[in-house]
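Participant: Handing over query-v2.cif, mmCIF, C-alpha atoms and all ligand atoms.
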```
data_run
loop_
_atom_site.label_atom_id
_atom_site.label_comp_id
_atom_site.auth_asym_id
_atom_site.auth_seq_id
_atom_site.Cartn_x
_atom_site.Cartn_y
_atom_site.Cartn_z
CA MET A 89 10.59 -7.26 -23.24
CA LYS A 90 9.51 -9.88 -20.69
CA VAL A 91 8.24 -8.59 -17.34
CA LEU A 92 7.94 -10.44 -14.03
CA VAL A 93 5.50 -9.15 -11.40
CA ILE A 94 5.93 -10.49 -7.86
CA GLY A 95 2.84 -10.97 -5.67
CA GLY A 96 -0.69 -12.27 -6.04
CA GLY A 97 -3.17 -9.74 -4.67
CA GLY A 98 -5.39 -6.99 -6.03
CA ARG A 99 -2.46 -4.58 -6.22
CA GLU A 100 -0.51 -7.02 -8.39
CA HIS A 101 -3.55 -7.69 -10.60
CA SER A 102 -3.86 -3.96 -11.26
CA LEU A 103 -0.10 -3.74 -11.94
CA VAL A 104 -0.29 -6.62 -14.43
CA TRP A 105 -3.35 -5.02 -16.05
CA LYS A 106 -1.47 -1.72 -16.48
CA ILE A 107 1.80 -3.33 -17.65
CA ALA A 108 -0.15 -5.43 -20.20
CA GLN A 109 -1.12 -2.17 -21.95
CA SER A 110 2.54 -1.24 -22.51
CA THR A 111 3.85 -1.22 -26.07
CA GLU A 112 7.25 -2.39 -24.77
CA VAL A 113 6.07 -5.68 -23.27
CA SER A 114 5.94 -9.02 -25.13
CA LYS A 115 5.11 -11.31 -22.19
CA ILE A 116 4.24 -11.02 -18.50
CA PHE A 117 4.90 -13.60 -15.79
CA CYS A 118 3.45 -13.28 -12.30
CA ALA A 119 4.62 -15.13 -9.18
CA PRO A 120 2.43 -16.53 -7.76
CA GLY A 121 -0.46 -14.56 -9.33
CA ASN A 122 -4.15 -15.50 -9.05
CA PRO A 123 -7.00 -16.59 -11.39
CA GLY A 124 -7.72 -13.00 -12.47
CA ILE A 125 -4.07 -12.34 -13.25
CA SER A 126 -3.84 -15.62 -15.22
CA GLU A 127 -6.04 -14.06 -17.93
CA LEU A 128 -3.24 -11.54 -18.65
CA ALA A 129 -0.03 -13.22 -17.53
CA GLU A 130 1.53 -16.65 -17.09
CA CYS A 131 1.35 -17.43 -13.38
CA ILE A 132 4.28 -19.34 -11.94
CA ASP A 133 4.20 -21.33 -8.76
CA ILE A 134 6.83 -19.46 -6.73
CA SER A 135 5.77 -17.44 -3.71
CA SER A 136 6.90 -13.85 -3.23
CA ASP A 137 9.26 -14.74 -0.37
CA GLN A 138 11.26 -17.34 -2.35
CA THR A 139 13.72 -14.72 -3.56
CA SER A 140 16.48 -17.12 -4.73
CA LEU A 141 14.02 -19.13 -6.84
CA LEU A 142 12.58 -15.92 -8.27
CA CYS A 143 16.07 -14.74 -9.19
CA GLU A 144 16.91 -18.06 -10.89
CA PHE A 145 13.66 -17.82 -12.83
CA ALA A 146 14.38 -14.24 -13.93
CA VAL A 147 17.88 -15.16 -15.15
CA LYS A 148 16.61 -18.24 -17.01
CA GLU A 149 13.76 -16.34 -18.72
CA ASP A 150 15.89 -13.26 -19.47
CA ILE A 151 13.38 -10.99 -17.71
CA GLY A 152 13.88 -7.33 -18.73
CA LEU A 153 11.98 -5.81 -15.78
CA THR A 154 10.87 -7.23 -12.43
CA VAL A 155 8.24 -5.35 -10.43
CA VAL A 156 7.93 -6.18 -6.72
CA GLY A 157 4.40 -5.70 -5.30
CA PRO A 158 4.64 -6.39 -1.53
CA GLU A 159 7.05 -4.94 1.04
CA ALA A 160 8.42 -8.16 2.58
CA PRO A 161 10.69 -9.17 -0.34
CA LEU A 162 12.00 -5.59 -0.60
CA VAL A 163 12.87 -5.59 3.09
CA ASP A 164 14.50 -9.03 2.59
CA GLY A 165 16.81 -7.56 -0.07
CA ILE A 166 15.33 -8.91 -3.32
CA VAL A 167 16.51 -5.78 -5.17
CA ASP A 168 20.10 -6.29 -3.98
CA LEU A 169 20.01 -9.95 -5.09
CA PHE A 170 18.53 -9.23 -8.56
CA SER A 171 20.94 -6.32 -9.11
CA LYS A 172 23.90 -8.60 -8.37
CA HIS A 173 22.71 -10.73 -11.29
CA ASN A 174 22.41 -7.64 -13.52
CA LEU A 175 18.62 -7.90 -13.57
CA LYS A 176 16.54 -4.71 -13.74
CA VAL A 177 14.23 -4.65 -10.71
CA PHE A 178 11.84 -1.91 -9.62
CA GLY A 179 11.90 -0.97 -5.93
CA PRO A 180 14.26 0.24 -3.19
CA ASP A 181 17.22 -1.86 -2.07
CA GLN A 182 17.35 -3.31 1.44
CA LYS A 183 19.15 -0.30 2.92
CA ALA A 184 16.45 2.05 1.64
CA ALA A 185 13.51 -0.29 2.38
CA ILE A 186 14.20 0.29 6.09
CA LEU A 187 11.93 3.31 5.66
CA GLU A 188 8.99 0.89 5.95
CA ASP A 189 10.75 -1.90 7.84
CA SER A 190 11.42 0.21 10.95
CA LYS A 191 9.11 2.86 12.37
CA VAL A 192 11.85 3.75 14.86
CA PHE A 193 14.21 4.47 11.95
CA SER A 194 11.65 6.50 10.01
CA LYS A 195 10.55 8.58 13.04
CA LEU A 196 14.18 9.36 13.99
CA LEU A 197 14.89 10.30 10.36
CA LEU A 198 11.93 12.68 10.33
CA ARG A 199 13.00 14.30 13.59
CA LYS A 200 16.67 14.61 12.57
CA HIS A 201 15.77 16.30 9.27
CA GLY A 202 13.02 18.55 10.65
CA ILE A 203 10.19 16.92 8.65
CA PRO A 204 6.76 17.37 10.32
CA THR A 205 5.44 14.32 12.18
CA ALA A 206 3.71 13.55 15.50
CA ASP A 207 5.87 13.98 18.61
CA PHE A 208 7.12 10.56 19.81
CA LYS A 209 9.39 8.46 21.97
CA CYS A 210 10.89 5.02 21.23
CA PHE A 211 11.27 2.16 23.73
CA ASP A 212 12.94 -1.24 23.76
CA ASP A 213 12.04 -1.80 27.41
CA HIS A 214 8.51 -2.89 28.24
CA ASN A 215 8.39 -1.32 31.74
CA GLN A 216 9.72 2.03 30.55
CA ALA A 217 7.12 2.07 27.78
CA ARG A 218 4.33 1.38 30.32
CA ARG A 219 5.60 4.09 32.69
CA TYR A 220 5.76 6.60 29.82
CA VAL A 221 2.17 5.88 28.76
CA LEU A 222 0.96 6.35 32.34
CA SER A 223 2.64 9.78 32.41
CA ARG A 224 0.78 10.90 29.27
CA GLU A 225 -2.80 11.77 28.49
CA ALA A 226 -4.89 9.62 26.14
CA PRO A 227 -5.62 9.41 23.26
CA ILE A 228 -2.19 8.09 22.42
CA VAL A 229 -0.80 5.95 19.59
CA VAL A 230 1.30 2.80 20.07
CA LYS A 231 3.16 1.29 17.10
CA ALA A 232 5.21 -1.89 16.75
CA ASP A 233 8.55 -1.03 15.14
CA GLY A 234 8.62 -3.65 12.38
CA LEU A 235 6.40 -5.08 9.63
CA SER A 236 3.04 -6.31 10.88
CA LYS A 237 0.79 -6.51 7.79
CA GLY A 238 -0.87 -3.19 8.61
CA LYS A 239 -1.97 -4.39 12.06
CA GLY A 240 0.81 -3.00 14.27
CA VAL A 241 -0.69 0.44 14.94
CA PHE A 242 -3.01 1.02 17.90
CA VAL A 243 -4.82 4.34 18.22
CA CYS A 244 -5.74 4.13 21.93
CA LYS A 245 -8.59 6.12 23.46
CA THR A 246 -7.52 5.34 27.03
CA ASN A 247 -4.25 4.69 28.86
CA ASP A 248 -5.50 1.17 29.63
CA GLU A 249 -5.84 0.42 25.94
CA ALA A 250 -2.31 1.72 25.37
CA ILE A 251 -0.93 -0.52 28.13
CA GLN A 252 -2.73 -3.49 26.56
CA ALA A 253 -1.21 -2.62 23.18
CA ILE A 254 2.30 -2.46 24.68
CA ASP A 255 1.73 -5.80 26.45
CA SER A 256 0.56 -7.58 23.33
CA ILE A 257 3.40 -6.15 21.20
CA MET A 258 6.28 -6.50 23.68
CA ASN A 259 5.20 -9.29 26.07
CA ASP A 260 2.89 -11.53 24.04
CA ARG A 261 4.98 -10.72 20.96
CA VAL A 262 2.00 -10.98 18.62
CA PHE A 263 4.15 -9.52 15.82
CA GLY A 264 7.29 -11.48 16.76
CA ASN A 265 10.58 -9.55 16.41
CA ALA A 266 8.68 -6.63 14.88
CA GLY A 267 7.74 -5.89 18.50
CA ASP A 268 11.28 -5.62 19.91
CA GLN A 269 10.73 -1.86 20.01
CA VAL A 270 7.67 0.39 20.10
CA VAL A 271 7.04 3.97 19.06
CA ILE A 272 4.62 5.83 21.31
CA GLU A 273 3.31 8.99 19.72
CA GLU A 274 0.96 11.89 20.00
CA CYS A 275 -2.48 11.30 18.46
CA LEU A 276 -3.06 13.60 15.49
CA THR A 277 -6.44 14.69 14.19
CA GLY A 278 -7.43 15.77 10.72
CA GLU A 279 -8.06 14.20 7.33
CA GLU A 280 -5.81 11.49 5.95
CA VAL A 281 -4.43 11.38 2.43
CA SER A 282 -1.80 9.26 0.73
CA LEU A 283 0.72 10.62 -1.72
CA LEU A 284 2.81 8.23 -3.79
CA ALA A 285 5.70 9.27 -6.00
CA PHE A 286 8.25 7.69 -8.30
CA THR A 287 11.80 8.69 -7.46
CA ASP A 288 15.21 7.73 -8.80
CA GLY A 289 16.86 9.40 -5.81
CA ARG A 290 17.24 12.77 -7.61
CA THR A 291 14.02 13.48 -9.49
CA ILE A 292 10.62 13.02 -7.85
CA VAL A 293 7.54 12.40 -10.01
CA PRO A 294 4.38 12.47 -7.86
CA MET A 295 1.27 10.47 -8.61
CA GLU A 296 -2.33 11.54 -8.11
CA SER A 297 -3.56 11.51 -4.47
CA SER A 298 -5.56 8.60 -3.06
CA GLN A 299 -7.25 7.54 0.16
CA ASP A 300 -7.61 4.11 1.70
CA HIS A 301 -10.35 2.98 4.17
CA LYS A 302 -8.55 0.88 6.77
CA THR A 303 -11.26 -0.25 9.19
CA VAL A 304 -13.70 -3.03 8.41
CA TYR A 305 -17.03 -1.29 9.07
CA ASP A 306 -18.79 1.82 7.76
CA GLY A 307 -18.04 5.07 9.55
CA ASP A 308 -14.41 3.98 10.19
CA LYS A 309 -15.54 1.56 12.91
CA GLY A 310 -14.19 -1.85 13.87
CA PRO A 311 -10.72 -3.35 13.63
CA ASN A 312 -8.16 -2.43 10.97
CA THR A 313 -7.86 -4.47 7.77
CA GLY A 314 -5.43 -4.44 4.86
CA GLY A 315 -7.80 -1.87 3.30
CA MET A 316 -11.52 -2.08 2.45
CA GLY A 317 -11.57 0.41 -0.42
CA ALA A 318 -10.03 3.56 -1.82
CA TYR A 319 -10.68 6.54 -4.03
CA SER A 320 -8.66 8.96 -6.14
CA PRO A 321 -8.29 11.94 -6.37
CA VAL A 322 -8.70 13.27 -2.82
CA PRO A 323 -10.47 16.66 -2.94
CA ILE A 324 -8.59 18.17 0.06
CA MET A 325 -5.30 17.66 -1.78
CA THR A 326 -5.41 21.03 -3.58
CA SER A 327 -2.43 22.26 -5.58
CA GLU A 328 -1.58 24.64 -2.70
CA LEU A 329 -1.52 21.77 -0.21
CA TYR A 330 0.43 19.63 -2.64
CA SER A 331 3.12 22.36 -2.89
CA VAL A 332 3.46 22.40 0.91
CA VAL A 333 3.78 18.60 1.04
CA GLU A 334 6.34 18.62 -1.77
CA LYS A 335 8.48 21.34 -0.16
CA GLU A 336 8.23 20.29 3.49
CA ILE A 337 7.96 16.49 3.24
CA LEU A 338 8.53 14.78 -0.11
CA VAL A 339 11.76 16.48 -1.24
CA PRO A 340 13.33 16.62 2.26
CA THR A 341 12.64 12.89 2.78
CA VAL A 342 14.32 11.82 -0.46
CA HIS A 343 17.28 14.13 0.33
CA ALA A 344 17.44 12.81 3.90
CA MET A 345 17.76 9.24 2.62
CA ASN A 346 20.66 10.35 0.36
CA LYS A 347 22.36 12.07 3.29
CA GLU A 348 22.00 8.91 5.39
CA GLY A 349 23.79 6.92 2.68
CA ARG A 350 20.55 5.10 1.77
CA PRO A 351 19.69 6.46 -1.70
CA TYR A 352 16.06 5.67 -2.48
CA LYS A 353 14.74 4.36 -5.82
CA GLY A 354 11.23 3.15 -6.52
CA ILE A 355 7.89 4.26 -5.16
CA ILE A 356 7.80 6.25 -1.99
CA TYR A 357 4.38 6.17 -0.32
CA ILE A 358 3.71 8.87 2.27
CA GLY A 359 0.69 8.54 4.56
CA LEU A 360 -0.25 12.04 5.70
CA MET A 361 -2.53 13.57 8.30
CA ILE A 362 -3.66 17.04 7.26
CA THR A 363 -3.81 18.73 10.68
CA SER A 364 -4.83 22.28 11.59
CA VAL A 365 -1.13 23.22 11.59
CA GLY A 366 -0.36 21.55 8.28
CA PRO A 367 0.44 18.14 6.80
CA MET A 368 2.33 15.64 8.97
CA VAL A 369 3.79 12.23 8.15
CA LEU A 370 1.96 9.21 9.64
CA GLU A 371 3.91 6.50 7.88
CA PHE A 372 6.04 5.52 4.90
CA ASN A 373 5.60 2.52 2.64
CA VAL A 374 8.17 1.46 0.09
CA ARG A 375 5.75 0.20 -2.61
CA PHE A 376 2.29 0.73 -4.04
CA GLY A 377 -0.55 0.57 -1.51
CA ASP A 378 -3.23 -2.10 -1.79
CA PRO A 379 -5.98 -0.97 -2.68
CA GLU A 380 -4.45 2.44 -3.51
CA ALA A 381 -2.73 0.97 -6.61
CA GLN A 382 -6.10 -0.14 -7.97
CA VAL A 383 -7.47 3.45 -8.06
CA ILE A 384 -4.20 5.13 -9.08
CA LEU A 385 -3.35 2.78 -11.94
CA THR A 386 -6.85 2.93 -13.45
CA ARG A 387 -6.33 6.71 -13.73
CA MET A 388 -2.76 6.61 -15.08
CA LYS A 389 -2.68 7.51 -18.78
CA SER A 390 1.06 7.12 -19.50
CA ASP A 391 2.72 3.78 -20.16
CA ILE A 392 4.10 2.73 -16.75
CA VAL A 393 6.97 0.58 -18.08
CA PRO A 394 9.24 3.42 -19.37
CA ILE A 395 8.64 5.23 -16.06
CA MET A 396 9.72 2.19 -14.06
CA LEU A 397 12.80 1.70 -16.26
CA ALA A 398 13.71 5.39 -15.87
CA THR A 399 13.33 5.07 -12.10
CA ILE A 400 15.86 2.23 -12.13
CA SER A 401 18.34 3.90 -14.53
CA GLY A 402 18.16 7.38 -12.97
CA GLY A 403 16.46 9.07 -15.92
CA LEU A 404 13.20 10.25 -14.36
CA ASP A 405 13.99 13.85 -15.33
CA ASN A 406 13.13 12.91 -18.93
CA VAL A 407 9.76 11.38 -18.12
CA ASP A 408 6.23 12.81 -18.44
CA LEU A 409 3.50 11.25 -16.34
CA GLU A 410 -0.03 11.91 -17.62
CA TRP A 411 -3.36 11.19 -15.95
CA HIS A 412 -6.95 10.61 -17.01
CA PRO A 413 -9.01 13.42 -15.48
CA GLN A 414 -11.73 11.03 -14.26
CA ALA A 415 -12.14 9.80 -10.67
CA SER A 416 -11.78 6.19 -9.54
CA VAL A 417 -13.38 4.30 -6.63
CA CYS A 418 -12.48 0.77 -5.44
CA VAL A 419 -14.65 -1.38 -3.16
CA VAL A 420 -13.13 -4.50 -1.58
CA MET A 421 -15.43 -7.53 -1.22
CA ALA A 422 -14.24 -9.63 1.73
CA SER A 423 -14.92 -13.09 3.16
CA GLY A 424 -17.44 -13.41 6.03
CA GLY A 425 -15.52 -12.98 9.30
CA TYR A 426 -12.56 -11.05 7.83
CA PRO A 427 -10.36 -9.55 9.34
CA GLY A 428 -10.95 -12.33 11.91
CA GLN A 429 -11.42 -15.99 10.98
CA TYR A 430 -13.13 -16.92 7.73
CA ASP A 431 -13.71 -19.94 5.50
CA ASN A 432 -12.35 -20.36 1.97
CA GLY A 433 -13.83 -22.21 -1.00
CA ARG A 434 -17.09 -20.24 -1.47
CA GLU A 435 -18.12 -20.08 -5.13
CA ILE A 436 -18.03 -16.54 -6.57
CA LYS A 437 -20.97 -15.78 -8.89
CA GLY A 438 -21.49 -12.94 -11.37
CA LEU A 439 -17.91 -12.36 -12.53
CA ASP A 440 -18.85 -12.82 -16.22
CA SER A 441 -21.51 -10.10 -16.01
CA LEU A 442 -18.77 -7.48 -15.37
CA LYS A 443 -16.41 -8.60 -18.15
CA ASN A 444 -15.68 -5.95 -20.81
CA GLN A 445 -17.85 -3.32 -19.13
CA GLU A 446 -16.61 0.17 -19.97
CA GLY A 447 -15.01 1.83 -16.95
CA ILE A 448 -15.28 -1.22 -14.65
CA SER A 449 -12.34 -3.40 -13.58
CA VAL A 450 -12.47 -6.46 -11.35
CA PHE A 451 -9.11 -7.16 -9.73
CA HIS A 452 -8.77 -10.50 -7.96
CA ALA A 453 -7.09 -10.88 -4.56
CA GLY A 454 -8.06 -13.95 -2.47
CA THR A 455 -9.44 -16.19 -5.24
CA LYS A 456 -8.63 -19.65 -6.58
CA SER A 457 -9.75 -21.79 -9.54
CA GLU A 458 -11.42 -25.06 -8.55
CA ASN A 459 -13.14 -27.46 -10.95
CA GLY A 460 -13.66 -24.71 -13.50
CA LYS A 461 -15.13 -22.33 -10.92
CA VAL A 462 -13.61 -19.33 -9.15
CA VAL A 463 -13.85 -19.67 -5.37
CA THR A 464 -12.79 -17.52 -2.41
CA ASN A 465 -9.28 -18.10 -1.10
CA GLY A 466 -8.45 -15.30 1.36
CA GLY A 467 -9.80 -12.44 3.45
CA ARG A 468 -9.90 -9.74 0.83
CA VAL A 469 -11.41 -11.53 -2.17
CA LEU A 470 -12.16 -9.04 -4.96
CA ASN A 471 -11.52 -5.39 -5.75
CA ILE A 472 -14.25 -3.80 -7.86
CA VAL A 473 -13.10 -0.52 -9.43
CA ALA A 474 -15.16 2.02 -11.38
CA CYS A 475 -14.05 5.19 -13.13
CA GLY A 476 -16.47 8.10 -13.61
CA GLY A 477 -16.58 11.80 -14.43
CA ASP A 478 -16.31 12.59 -10.72
CA ILE A 479 -16.15 10.66 -7.44
CA LYS A 480 -19.94 10.62 -7.10
CA GLU A 481 -20.46 9.02 -10.50
CA ALA A 482 -17.62 6.53 -9.92
CA GLN A 483 -19.12 5.61 -6.53
CA LYS A 484 -22.57 5.00 -8.03
CA LYS A 485 -21.07 2.84 -10.79
CA VAL A 486 -18.90 0.81 -8.42
CA TYR A 487 -21.79 -0.10 -6.12
CA GLU A 488 -23.95 -1.09 -9.12
CA ALA A 489 -21.12 -3.41 -10.18
CA VAL A 490 -20.66 -4.81 -6.66
CA SER A 491 -24.36 -5.73 -6.55
CA LYS A 492 -23.83 -8.11 -9.51
CA ILE A 493 -21.24 -10.23 -7.64
CA SER A 494 -22.07 -12.64 -4.85
CA PHE A 495 -20.55 -15.31 -2.63
CA GLU A 496 -21.72 -16.74 0.65
CA GLY A 497 -20.75 -14.50 3.57
CA ALA A 498 -19.51 -11.63 1.35
CA HIS A 499 -19.25 -8.27 3.06
CA TYR A 500 -18.05 -4.83 2.02
CA ARG A 501 -18.24 -1.23 3.21
CA ARG A 502 -21.09 0.81 1.80
CA ASP A 503 -19.49 4.21 2.46
CA ILE A 504 -16.32 4.08 0.37
CA ALA A 505 -15.61 7.61 -0.94
CA ASP A 506 -18.46 9.23 1.08
CA LYS A 507 -15.78 11.41 2.72
CA ALA A 508 -14.77 12.81 -0.65
CA ILE A 509 -18.38 13.66 -1.54
CA LYS A 510 -19.21 15.40 1.75
P1 LIG B 601 0.10 3.56 9.79
O1 LIG B 601 0.21 2.10 9.47
O2 LIG B 601 1.27 4.11 10.54
O3 LIG B 601 -0.38 4.41 8.65
O4 LIG B 601 -1.11 3.66 10.80
C1 LIG B 601 -2.35 3.12 10.46
C2 LIG B 601 -3.42 4.14 10.76
O5 LIG B 601 -3.35 4.52 12.13
C3 LIG B 601 -3.25 5.45 9.98
O6 LIG B 601 -3.80 5.38 8.70
C4 LIG B 601 -4.01 6.39 10.89
O7 LIG B 601 -5.40 6.27 10.68
C5 LIG B 601 -3.70 5.87 12.28
N1 LIG B 601 -2.56 6.61 12.88
C6 LIG B 601 -1.25 6.32 12.81
N2 LIG B 601 -0.51 7.22 13.48
C7 LIG B 601 -1.38 8.10 14.02
C8 LIG B 601 -1.25 9.28 14.85
N3 LIG B 601 -0.07 9.71 15.26
N4 LIG B 601 -2.38 9.93 15.20
C9 LIG B 601 -3.59 9.49 14.78
N5 LIG B 601 -3.78 8.42 14.02
C10 LIG B 601 -2.70 7.71 13.64
N1 LIG B 602 -3.53 0.15 2.04
C1 LIG B 602 -2.42 0.34 2.90
C2 LIG B 602 -1.19 -0.33 2.48
O1 LIG B 602 -1.07 -0.87 1.40
O2 LIG B 602 -0.25 -0.33 3.27
#
```
Just give me the structure of the file as structure tokens.
Ligand code: AMP
Ligand code: GLY
Facilitator:
Amino acid sequence: MKVLVIGGGGREHSLVWKIAQSTEVSKIFCAPGNPGISELAECIDISSDQTSLLCEFAVKEDIGLTVVGPEAPLVDGIVDLFSKHNLKVFGPDQKAAILEDSKVFSKLLLRKHGIPTADFKCFDDHNQARRYVLSREAPIVVKADGLSKGKGVFVCKTNDEAIQAIDSIMNDRVFGNAGDQVVIEECLTGEEVSLLAFTDGRTIVPMESSQDHKTVYDGDKGPNTGGMGAYSPVPIMTSELYSVVEKEILVPTVHAMNKEGRPYKGIIYIGLMITSVGPMVLEFNVRFGDPEAQVILTRMKSDIVPIMLATISGGLDNVDLEWHPQASVCVVMASGGYPGQYDNGREIKGLDSLKNQEGISVFHAGTKSENGKVVTNGGRVLNIVACGGDIKEAQKKVYEAVSKISFEGAHYRRDIADKAIK
């Protein structure tokens, strides 16, 4: 079978790497891909938002399975378009992808169905939002309703900060239409963990837990990024806690989407805060996380392709999902200046020294080939992943590997997975 993967970041490189191990796959295409991906798949020059061109390509090439990496095409209805052409495509349709597209929708869904989440209010009026914030005590959280590349959430320590957040979302419109509405919510405390699951709308098959590191600097300081690293498994996610999350959150959410007439198929990603009164939902995503995919997929033992096909056809009840017992840690190497301004075109050195090293994977994100060299071409440049007997061993291995790679201005967090070791 021919497979098409849509996207060109570290998440998509790890997806291509995993799909390439499938016994069912004869050829992989990736649109647009990157230099790392091009070692495993044929990269085609169509960007992930050109859904009509992607569909034409899939029809022409008789693609047996399309896997969508990022959220934007899902929200734009790529699954609906491909399905109309009788193409098998992995991910939720547009009606179901609203779970990530609108925080107002997802918060109201949680409230209506009694699923634990932070107390909140929604506003489409800037002045009312400001007045509400002034009537509350900080810390308080302000969220733009729509997609904002992971940058639309402001955890505000003071009321002033919250007012500034509302102004930039609703007045300055830094996220465009995504800022037509805001959610203002109670600030939760506790440890965060992400739980991803495959679901065909009836059966739910959970994956191993993982944890992202969103801020740019060590100690969770500095502005948010797309993600500076991740680890899996997360030690606080015991089987007891998992049972609570399954019963109170995962199953009720999938049922709630059915009841709303928005049956959900694909990966459901639940961001959780484990508070003193139990797990609560922070957010939903409708796809693999980046860099969560990189640590989850390097631990997945089963062939992912039959699982994706069963998710599409509604046969997940017949699927077994097995895991390698080892732990996995991913460190993101970023361009100097990221998540602010940065330059591209810096030569990356040392990549060959990590080729074919047992337990080490290098997944490309912002890279480009230029005159036979690999150069930087984005904020998050490389994802270095190591597997080890436990998190501590994986962490030691990953930082040894990181030390072999260099490019001018490179920076990375030095405390990825420390939380899991303490
Ligand atoms: P989200 O994109 O909704 O996951 O938000 C990004 C990050 O903001 C989360 O990973 C949390 O660290 C933080 N966050 C979001 N909502 C809350 C909340 N209600 N209380 C505390 N922190 C939050
Ligand atoms: N790492 C967070 C995300 O993919 O949304």
Participant: Please give me, as a list in words, the residues lying within 6 Å of ligand LIG 601 (chain B) when counting only C-alpha atoms and all ligand atoms.
Facilitator: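 Written in the requested form, the residues are Ala206, Val229, Gly238, Val241, Val243, Glu273, Glu274, Cys275, Leu276, Thr277, Gly359, Leu370 and Glu371 of chain A.
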Participant: Work out how far apart atom CA of Lys347 of chain A and atom CA of Gly165 of chain A are and give it in Å to one decimal.
Facilitator: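 That distance, rounded to one decimal, is 20.7 Å.
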Participant: Just how far from atom CA of Asn215 of chain A is atom CA of Asn259 of chain A, in Å to one decimal?
Facilitator: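 Calculated distance between atom CA of Asn259 of chain A and atom CA of Asn215 of chain A is 10.3 Å.
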Participant: Could you give me, as a count of residues only, every polymer residue with an atom at most 10 Å away from an atom of ligand LIG 602 (chain B), counting only C-alpha atoms and all ligand atoms?
Facilitator: 32
Participant: Neighbours of segment 102-108 of chain A within 9 Å (all atoms listed in the file; same-chain residues fewer than 6 positions away dropped), as a list in words?
Facilitator: Val91, Val93, Ser114, Lys115, Ile116, Phe117, Cys118, Ile125, Leu128, Ala129, Val155, Gly157, Ala381, Gln382, Val383, Leu385, Thr386, Met388, Asp391, Ile392, Val393, Ser449, Val450, Phe451 and His452 of chain A
Participant: Calculated over all atoms listed in the file, which of the candidates A:Ala398, A:Ile472, A:Ile251, A:Val365 has the smallest distance to Cys418 of chain A?
Facilitator: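 Of all the options, A:Ile472 lies closest to Cys418 of chain A.
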Participant: Show me, as a list of chain:residue names, the residues that have an atom within 12 Å of Arg219 of chain A when counting all atoms listed in the file, minus same-chain residues fewer than 5 positions from it.
Facilitator: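 Close residues of Arg219 of chain A: A:Phe211, A:Asp213, A:His214, A:Arg224, A:Asn247, A:Asp248, A:Ala250, A:Ile251, A:Ile254, A:Ile272.
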Participant: Kindly indicate which residue among A:Ile94, A:Lys183, A:Pro294, A:Val271 lies nearest to Phe208 of chain A, using all atoms listed in the file for the distances.
Facilitator: A:Val271
Participant: Quick one, how far is atom CA of Ile395 of chain A from atom CA of Met345 of chain A?
Facilitator: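 About the pair atom CA of Ile395 of chain A and atom CA of Met345 of chain A: they are 21.2 Å apart.
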Participant: Between A:Gly497, A:Gly447, A:Gly264, A:Pro413, which is the closest to Pro321 of chain A once you count only C-alpha atoms?
Facilitator: A:Pro413
Participant: Given all atoms listed in the file as the basis, pick out the residue of A:Gly428, A:Gly179, A:Gly234, A:Pro351 nearest to Phe193 of chain A.
Facilitator: A:Gly234
Participant: Write out as a ChimeraX atom specification the residues lying within 12 Å of Pro120 of chain A, counting only C-alpha atoms and excluding same-chain residues fewer than 3 positions away.
Facilitator: /A:92-97,100-101,117,123-126,129-138,141-142,156-157,453,456
Participant: List the neighbours of Gln269 of chain A out to 9 Å using all atoms listed in the file; skip same-chain residues closer than 3 positions along the sequence, and give me the result as a count of residues only.
Facilitator: 14
Participant: Closest to Gly289 of chain A among A:Ser223, A:Ser401, A:Leu235, A:Asp260, using all atoms listed in the file?
Facilitator: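 Smallest separation from Gly289 of chain A among the options: A:Ser401.
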Participant: Taking 3 positions as the minimum chain separation for residues in the same chain, which residues sit within 10 Å of Asp405 of chain A when counting all atoms listed in the file? Answer as a PyMOL selection string.
Facilitator: chain A and resi 287-288+290-293+398-399+402+408
Participant: Go through A:Cys143, A:Leu198, A:Val167, A:Ile504 one by one, measure the shortest atom-to-atom distance of each to His343 of chain A using all atoms listed in the file, and give the residue with the smallest value.
Facilitator: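 Among A:Cys143, A:Leu198, A:Val167, A:Ile504, it is A:Leu198 that comes nearest to His343 of chain A.
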Participant: Quick one: segment 164-175 of chain A with C-alpha atoms, as a compact mmCIF listing (two decimals), in the first residue's frame?
Facilitator:
```txt
# COMPACT_ATOMS: atom_id res chain seq x y z
CA ASP A 164 -10.14 23.06 7.16
CA GLY A 165 -11.96 19.81 6.34
CA ILE A 166 -9.28 17.75 4.57
CA VAL A 167 -10.85 14.53 5.91
CA ASP A 168 -14.25 15.46 4.46
CA LEU A 169 -12.68 16.23 1.06
CA PHE A 170 -10.60 13.00 0.90
CA SER A 171 -13.58 10.90 2.05
CA LYS A 172 -15.72 12.34 -0.74
CA HIS A 173 -13.14 10.91 -3.15
CA ASN A 174 -13.25 7.52 -1.39
CA LEU A 175 -9.73 7.97 -0.04
```
